[in-house]
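Let me begin by presenting the structure, written as structure tokens, before commenting on it.
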Amino acid sequence: QKPKIGLMYPYRFEGRPPMPGKSGKTASGQYTSQALIEKQKMRLYYGNLKDKTFKKYVRQAREISMTNPSDMLMLLLETRLDTVLYRTGFVMSHRQAQKWIFSRRVLVNGEIARHKSRRIEPGDVVAIRPQFAIAAGRSALNVALRRKAFNVGASWCCGSPYGMLPYLEINRAGLSALLIRDPNRAELQALCSAMWFPFIDNVNLKPALAMTNYRK
């Protein structure tokens with residue numbers, strides 16, 4: 001039976017009123033804060049990042065781009081090695097991508113990748129080591145079959161041309177991918193509505209709101 005797909009609202013407590021504190025005021029703020037929800041969504045979507053790690057990316061985004069730090073945050077997260085490997089469609093999830101990197105199955109420019117958070121620059125080639133090609137091919141086939149079952153094709157964003165990731169050249173026969181360039185603003189904004197494959201059809205990320213959890 002085809003699983004249900006919906007929007008992601010983590011840490012939302014339905015039908016459970018918040019408990020009052022000693023002063024008689026409710027503690028609803030810590031649960032209903034939309035900014036907190038958006039931060040948790042982004043951490044969960046990008047491989048269950050630690051809060052310390054996500055805060056580091058927020059700080060870097062603000063330092064690099066004063067005019068549009070939310071787009072810079074998306075760029076930093078989308079060019080992580082585990083995210084790029086996830087976008088290739090060779091693995092089912094961020095978690096699987098991280099496991100493959102830890103087990104040294106992934107190459108970057110012909111060298112074994114050791115860190116899942118490595119920044120992939122334009123011109124870098126991400127590939128699967130030849131000795132793991134059979135397992136990688138089987139995994140890519142499972143991803144393709146699951147996509148077919150969900151009737152989403154090869155796009156990451158339903159109804160958007162940017163969902164085909166024009167900045168990433170994927171060689172499925174050779175199990176490799178070339179980052180042609182950094183994704184532009186339109187592509188980054190489209191990825192805010194990307195699938196959380198194979199569970200959710202629109203993650204509805206709001207990076208600008210998520211960044212408000214941290215002081216400037």
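How things are named: the first chain in the structure tokens is A, the next is B, and so on; residues count from 1 in each chain; ligands count from 1 in the order shown.
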Can you pull out the residues contacting Leu73 in chain A? Cut-off 9 Å, using only C-alpha atoms, and skip same-chain residues under 5 positions away; I want them as a PyMOL selection string.
chain A and resi 57-62+78+207-208+211
DSSP on the backbone: which residues in chain A end up as strand (DSSP E or B)? Give the answer as a list in words.
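Those residues are Leu7, Pro20, Thr26, Arg80, Val106, Leu107, Val108, Glu111, Ile112, Arg119, Val125, Val126, Ala127, Ile128, Leu168, Glu169, Ile170, Asn171, Ser176, Ala177, Leu178, Leu179, Trp196, Ile200 and Asn202 of chain A.
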Could you please write out, as a ChimeraX atom specification, every residue of range 41-120 of chain A that DSSP assigns to helix (DSSP H, G or I)?
/A:41-45,51-64,69-78,81-88,94-102
Long-range neighbours of range 150-160 of chain A as a PyMOL selection string, 7 Å cut-off, only C-alpha atoms, 4 positions minimum in chain:
chain A and resi 146+164+190-191+193-195
Taking 3 positions as the minimum chain separation for residues in the same chain, which residues sit within 12 Å of Ala113 in chain A when counting only C-alpha atoms? Answer as a PyMOL selection string.
chain A and resi 80-82+85+97-110+116-120+124-129
Can you tell me which residues surround Leu205 in chain A at a distance of at most 12 Å, considering only C-alpha atoms, apart from same-chain residues fewer than 6 positions away, and format the answer as a PyMOL selection string?
chain A and resi 7-9+34-35+37-46+70-71+73-74+188-196+211
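Residue nearest Arg181 in chain A within the list A:Leu36, A:Glu121, A:Ser65, A:Leu77: A:Glu121 [criterion: smallest interatomic distance, only C-alpha atoms].
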Among listed residues A:Met72, A:Met92, A:Ala136, A:Ala144, nearest Ser176 in chain A (using only C-alpha atoms)
A:Ala136
Using Å and a single decimal, report how far CA of Thr83 in chain A sits from CA of Leu179 in chain A.
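CA of Thr83 in chain A lies at a distance of 12.1 Å from CA of Leu179 in chain A.
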So what do you get for CA of Phe90 in chain A versus CA of Ala140 in chain A, distance-wise?
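Separation between CA of Phe90 in chain A and CA of Ala140 in chain A: 4.3 Å.
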